[in-house]
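Below is the file entry_19.cif, which contains mmCIF, C-alpha atoms and all ligand atoms.
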```
data_upload
loop_
_atom_site.label_atom_id
_atom_site.label_comp_id
_atom_site.auth_asym_id
_atom_site.auth_seq_id
_atom_site.Cartn_x
_atom_site.Cartn_y
_atom_site.Cartn_z
CA MET A 22 -21.34 174.37 126.03
CA GLU A 23 -23.87 172.21 127.88
CA ASN A 24 -22.53 168.89 129.25
CA ILE A 25 -18.99 170.21 129.58
CA GLU A 26 -17.59 169.85 133.09
CA PHE A 27 -14.46 171.43 134.50
CA GLY A 28 -12.17 170.16 137.24
CA LEU A 29 -8.72 168.97 138.20
CA ALA A 30 -7.34 165.82 136.59
CA THR A 31 -6.12 163.00 138.83
CA GLN A 32 -4.04 159.87 138.38
CA LYS A 33 -7.24 158.17 137.13
CA ASP A 34 -6.91 160.33 133.99
CA ARG A 35 -3.34 159.14 133.38
CA GLU A 36 -4.00 157.11 130.22
CA GLN A 37 -6.09 159.83 128.61
CA LEU A 38 -3.59 162.55 129.46
CA MET A 39 -0.73 160.42 128.10
CA ASP A 40 -2.62 160.45 124.81
CA TYR A 41 -3.51 164.16 125.05
CA PHE A 42 0.15 165.15 125.49
CA ARG A 43 1.55 162.76 122.87
CA HIS A 44 2.97 165.79 121.02
CA TYR A 45 5.83 165.63 123.56
CA LYS A 46 6.79 162.51 121.58
CA VAL A 47 9.16 160.89 124.12
CA ASP A 48 7.11 158.46 126.25
CA GLU A 49 9.20 158.94 129.38
CA LEU A 50 8.80 162.72 129.12
CA ILE A 51 5.04 162.42 128.69
CA GLU A 52 4.75 160.07 131.67
CA ARG A 53 6.78 162.37 133.89
CA ARG A 54 4.78 165.39 132.81
CA VAL A 55 1.43 163.69 133.43
CA ASP A 56 2.54 162.35 136.82
CA CYS A 57 4.01 165.68 137.87
CA TYR A 58 0.96 167.68 136.81
CA THR A 59 -1.49 165.37 138.58
CA SER A 60 0.45 165.38 141.86
CA HIS A 61 2.35 168.51 142.98
CA SER A 62 1.26 170.62 139.97
CA PHE A 63 -2.17 170.89 138.38
CA THR A 64 -4.05 169.96 135.21
CA VAL A 65 -7.37 171.75 134.83
CA VAL A 66 -9.48 169.82 132.33
CA ALA A 67 -12.71 170.25 130.40
CA ARG A 68 -14.62 166.97 130.08
CA ASP A 69 -17.31 166.02 127.61
CA GLY A 70 -18.66 162.96 129.43
CA ASP A 71 -15.59 160.82 130.10
CA ARG A 72 -13.49 162.46 127.42
CA ILE A 73 -10.96 165.20 128.13
CA VAL A 74 -11.45 167.87 125.46
CA GLY A 75 -9.33 170.74 126.84
CA THR A 76 -6.56 171.52 129.30
CA ILE A 77 -4.57 174.14 131.15
CA GLN A 78 -1.65 172.96 133.24
CA TRP A 79 -0.20 175.16 135.93
CA HIS A 80 2.55 175.03 138.51
CA VAL A 81 3.86 177.14 141.33
CA LYS A 82 6.97 179.03 140.28
CA GLU A 83 9.90 178.89 142.72
CA ASP A 84 8.58 178.42 146.24
CA PRO A 85 4.92 179.03 147.14
CA TYR A 86 5.77 182.11 149.23
CA THR A 87 6.41 184.08 146.04
CA GLY A 88 2.70 183.60 145.17
CA VAL A 89 3.60 183.15 141.50
CA ALA A 90 2.15 180.53 139.12
CA GLU A 91 2.73 179.74 135.45
CA PHE A 92 0.08 178.55 132.97
CA GLU A 93 1.05 176.08 130.25
CA GLU A 94 -0.62 173.69 127.81
CA PHE A 95 -3.72 175.78 127.16
CA HIS A 96 -5.46 173.69 124.52
CA VAL A 97 -8.91 172.68 123.32
CA LEU A 98 -9.51 169.83 120.83
CA GLU A 99 -10.23 171.31 117.43
CA GLU A 100 -13.76 169.92 117.10
CA HIS A 101 -14.72 171.54 120.43
CA ARG A 102 -13.38 175.03 119.76
CA ASP A 103 -15.37 178.30 119.61
CA ARG A 104 -17.91 177.10 122.16
CA GLY A 105 -16.45 179.01 125.10
CA ILE A 106 -14.53 176.03 126.54
CA GLY A 107 -11.18 177.83 126.31
CA SER A 108 -12.52 180.87 128.13
CA SER A 109 -14.06 178.73 130.88
CA LEU A 110 -10.81 176.79 131.25
CA ILE A 111 -8.94 180.04 131.91
CA GLY A 112 -11.56 181.04 134.51
CA HIS A 113 -11.35 177.68 136.27
CA ALA A 114 -7.55 177.68 136.16
CA ILE A 115 -7.41 181.17 137.74
CA GLN A 116 -9.79 179.98 140.47
CA SER A 117 -7.66 176.87 140.97
CA VAL A 118 -4.59 179.08 141.57
CA LYS A 119 -6.53 181.25 144.05
CA ASP A 120 -7.88 178.17 145.89
CA TYR A 121 -4.41 176.64 146.17
CA PHE A 122 -2.81 179.77 147.65
CA GLU A 123 -5.76 180.40 149.96
CA LYS A 124 -5.49 176.83 151.26
CA ILE A 125 -1.86 177.33 152.24
CA GLY A 126 -2.48 180.85 153.58
CA ILE A 127 -0.51 182.79 151.00
CA GLN A 128 -1.65 185.79 148.98
CA PRO A 129 -1.42 184.95 145.24
CA LYS A 130 0.60 187.58 143.41
CA THR A 131 0.94 186.81 139.71
CA ILE A 132 0.05 184.27 137.05
CA PHE A 133 2.24 184.43 133.97
CA LEU A 134 2.38 182.65 130.64
CA PHE A 135 4.02 182.78 127.24
CA VAL A 136 1.93 183.13 124.08
CA SER A 137 2.96 183.62 120.46
CA GLU A 138 2.43 187.13 119.11
CA GLY A 139 0.36 185.79 116.19
CA ASN A 140 -1.98 183.75 118.42
CA THR A 141 -4.71 186.38 118.56
CA ALA A 142 -7.38 183.86 119.64
CA ALA A 143 -5.45 182.94 122.80
CA ARG A 144 -4.25 186.51 123.46
CA ASP A 145 -7.81 187.90 123.24
CA LEU A 146 -9.06 185.26 125.66
CA PHE A 147 -6.33 185.92 128.23
CA GLU A 148 -6.88 189.69 127.93
CA LYS A 149 -10.61 189.19 128.57
CA HIS A 150 -9.63 187.49 131.83
CA GLY A 151 -7.45 190.42 132.90
CA PHE A 152 -4.03 189.29 131.67
CA GLN A 153 -1.84 192.06 130.30
CA LEU A 154 1.15 192.12 128.02
CA ALA A 155 4.20 192.32 130.28
CA SER A 156 7.01 192.02 127.75
CA LYS A 157 7.93 191.04 124.22
CA ILE A 158 10.43 188.19 124.49
CA GLY A 159 11.58 187.53 120.93
CA HIS A 160 12.14 184.15 119.29
CA LEU A 161 12.02 181.84 122.27
CA PHE A 162 10.58 178.59 120.87
CA SER A 163 10.84 178.99 117.09
CA ASP A 164 12.43 181.19 114.46
CA ASP A 165 9.00 182.02 113.00
CA GLU A 166 7.16 183.23 116.07
CA VAL A 167 7.88 185.98 118.56
CA GLU A 168 6.79 185.09 122.10
CA LEU A 169 5.03 187.45 124.47
CA LEU A 170 4.98 187.33 128.23
CA TYR A 171 1.53 187.97 129.70
CA SER A 172 0.72 188.34 133.37
CA LEU A 173 -2.29 188.64 135.63
CA LYS A 174 -1.59 190.49 138.85
CA PHE A 175 -3.66 190.03 141.99
CA TRP A 176 -3.99 193.09 144.14
CA PRO A 177 -3.27 192.62 147.83
CA LYS A 178 -6.42 192.18 149.90
CA ARG A 179 -7.38 195.52 151.42
CA LEU A 180 -8.35 195.82 155.06
CA SER A 181 -12.08 196.44 155.34
CA PRO A 182 -13.21 199.74 156.95
CA SER A 183 -14.50 197.84 160.01
CA THR A 184 -11.01 196.37 160.56
CA LEU A 185 -9.59 199.88 160.46
CA ALA A 186 -12.09 201.36 162.95
CA PHE A 187 -10.49 202.56 166.20
C1 LIG B 201 -6.76 179.03 122.04
C2 LIG B 201 -7.79 177.93 122.25
C3 LIG B 201 -7.43 177.12 123.51
C4 LIG B 201 -9.16 178.58 122.43
O1 LIG B 201 -10.10 177.58 122.74
P1 LIG B 201 -11.66 177.78 122.43
O2 LIG B 201 -12.39 176.73 123.18
O3 LIG B 201 -11.91 177.84 120.98
O4 LIG B 201 -11.93 179.19 123.10
P2 LIG B 201 -13.35 179.92 123.25
O5 LIG B 201 -14.40 179.16 122.50
O6 LIG B 201 -13.57 180.19 124.69
O7 LIG B 201 -13.07 181.31 122.60
C5 LIG B 201 -12.72 181.43 121.29
C6 LIG B 201 -12.73 182.90 120.97
O8 LIG B 201 -11.66 183.15 120.11
C7 LIG B 201 -12.19 183.69 118.93
N1 LIG B 201 -11.33 183.19 117.88
C8 LIG B 201 -11.25 181.95 117.40
N2 LIG B 201 -10.30 181.90 116.45
C9 LIG B 201 -9.76 183.15 116.37
C10 LIG B 201 -8.74 183.76 115.59
N3 LIG B 201 -8.05 183.05 114.68
N4 LIG B 201 -8.45 185.05 115.79
C11 LIG B 201 -9.12 185.78 116.71
N5 LIG B 201 -10.10 185.26 117.48
C12 LIG B 201 -10.41 183.96 117.30
C13 LIG B 201 -13.60 183.19 118.85
O9 LIG B 201 -14.40 183.98 118.04
C14 LIG B 201 -14.00 183.31 120.31
O10 LIG B 201 -14.26 184.67 120.61
P3 LIG B 201 -15.43 185.12 121.62
O11 LIG B 201 -14.92 184.71 122.99
O12 LIG B 201 -15.50 186.60 121.48
O13 LIG B 201 -16.65 184.40 121.20
C15 LIG B 201 -7.86 176.96 121.03
O14 LIG B 201 -8.03 177.73 119.87
C16 LIG B 201 -6.63 176.08 120.88
O15 LIG B 201 -6.55 175.02 121.48
N6 LIG B 201 -5.67 176.53 120.08
C17 LIG B 201 -4.44 175.75 119.84
C18 LIG B 201 -3.53 175.78 121.05
C19 LIG B 201 -3.16 177.19 121.42
O16 LIG B 201 -2.92 178.05 120.59
N7 LIG B 201 -3.05 177.43 122.75
C20 LIG B 201 -2.68 178.70 123.31
C21 LIG B 201 -1.24 178.67 123.73
S1 LIG B 201 -0.91 180.04 124.81
#
```
Output the file's structure in the form of structure tokens.
Ligand SMILES: CC(C)(COP(=O)(O)OP(=O)(O)OC[C@H]1O[C@@H](n2cnc3c(N)ncnc32)[C@H](O)[C@@H]1OP(=O)(O)O)[C@@H](O)C(=O)NCCC(=O)NCCS
Amino acid sequence: MENIEFGLATQKDREQLMDYFRHYKVDELIERRVDCYTSHSFTVVARDGDRIVGTIQWHVKEDPYTGVAEFEEFHVLEEHRDRGIGSSLIGHAIQSVKDYFEKIGIQPKTIFLFVSEGNTAARDLFEKHGFQLASKIGHLFSDDEVELLYSLKFWPKRLSPSTLAF
């Protein structure tokens, strides 16, 4: 996986992301998504040189005080798969959530996401990063696939023994 770099996309990546998310089909929708997820939400990207080869987008659910974030658009370009990029993207996206909440002084509580029951590759990766099956949802997006809700829970920071000393 040498030469792959991970980071947050910015408005400079607009054109490339517009192309990456062309499966949304409606131009206005794609533009809004890209603009939204490079301003008040986040797009974690894997780059091979200048080229974006993988993504996870995430946003804060409800207001930040709930400490809850949702992952979406976990994807790696086909020719770059099975090199560990997907796994690293998840790691970087989790860190990005922690950094965001730390910056605004709030304890992160949960990251959640939906994944199809049959998507064992993605499920295995999320489980390796500590996500657990929270609930079976049923046919949410298509009649063929059952969706699962996965979540990663952060434990509250414990007070260190020195803080507790009388
Ligand atoms: C899921 C996805 C992002 C993984 O990206 P990736 O870069 O290939 O991920 P990694 O290389 O880090 O890991 C791949 C792992 O899955 C395993 N794997 C690949 N295909 C698999 C399959 N069909 N079934 C089970 N495991 C599979 C690989 O062996 C590897 O395992 P390892 O970590 O033990 O070596 C990529 O396959 C993808 O973009 N899929 C289409 C979009 C998608 O399904 N997104 C998830 C929506 S929630």
If you take every atom of ligand LIG 201 (chain B) that the file lists and fit an axis-aligned box around them with 3 Å extra on each side, what centre and edge lengths come out in Å to one decimal, as lines of an AutoDock Vina configuration file?
```
center_x = -8.8
center_y = 180.8
center_z = 119.7
size_x = 21.7
size_y = 17.6
size_z = 16.1
```
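The list of residues with at least one atom within 9 Å of A:Phe135, based on all atoms listed in the file and without residues fewer than 6 positions apart in the same chain, reads A:Glu91, A:Phe92, A:Glu93, A:Ile158, A:Glu168, A:Leu169, A:Leu170, A:Tyr171, A:Ser172.
The two atoms in question, atom CA of A:Gly159 and atom CA of A:Leu134, are spaced 14.2 Å apart.
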- Item | Selection as a PyMOL selection string: residues within 12 Å of ligand LIG 201 (chain B) by only C-alpha atoms and all ligand atoms | chain A and resi 22+25+41+44+66-67+74-78+91-112+133-150+152+168-171
- Message: Between atom CA of A:Leu173 and atom CA of A:Lys130, what is the distance in Å, rounded to a tenth?
- Response: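 Between these atoms lies a distance of 8.4 Å.
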- With a distance cut-off of 12 Å and all atoms listed in the file, select the neighbouring residues of A:Gln37, excluding the residue or stretch itself and same-chain residues fewer than 3 positions from it, and output the selection as a PyMOL selection string. chain A and resi 30-34+40-43+51-52+55+66+68+71-76
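Comparing the minimum interatomic distances between A:Gly70 and each of A:Glu23, A:Glu83, A:Met39, A:Lys119, counting all atoms listed in the file, we find that A:Glu23 sits nearest.
Relative to atom CA of A:Gly88, atom CA of A:Gln128 is found at 6.2 Å.
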- Task: Using all atoms listed in the file, pick whichever of A:Glu36, A:Asp48, A:Asp164, A:Glu123 has the shortest atom-to-atom distance to A:Tyr86.
- Result: A:Glu123
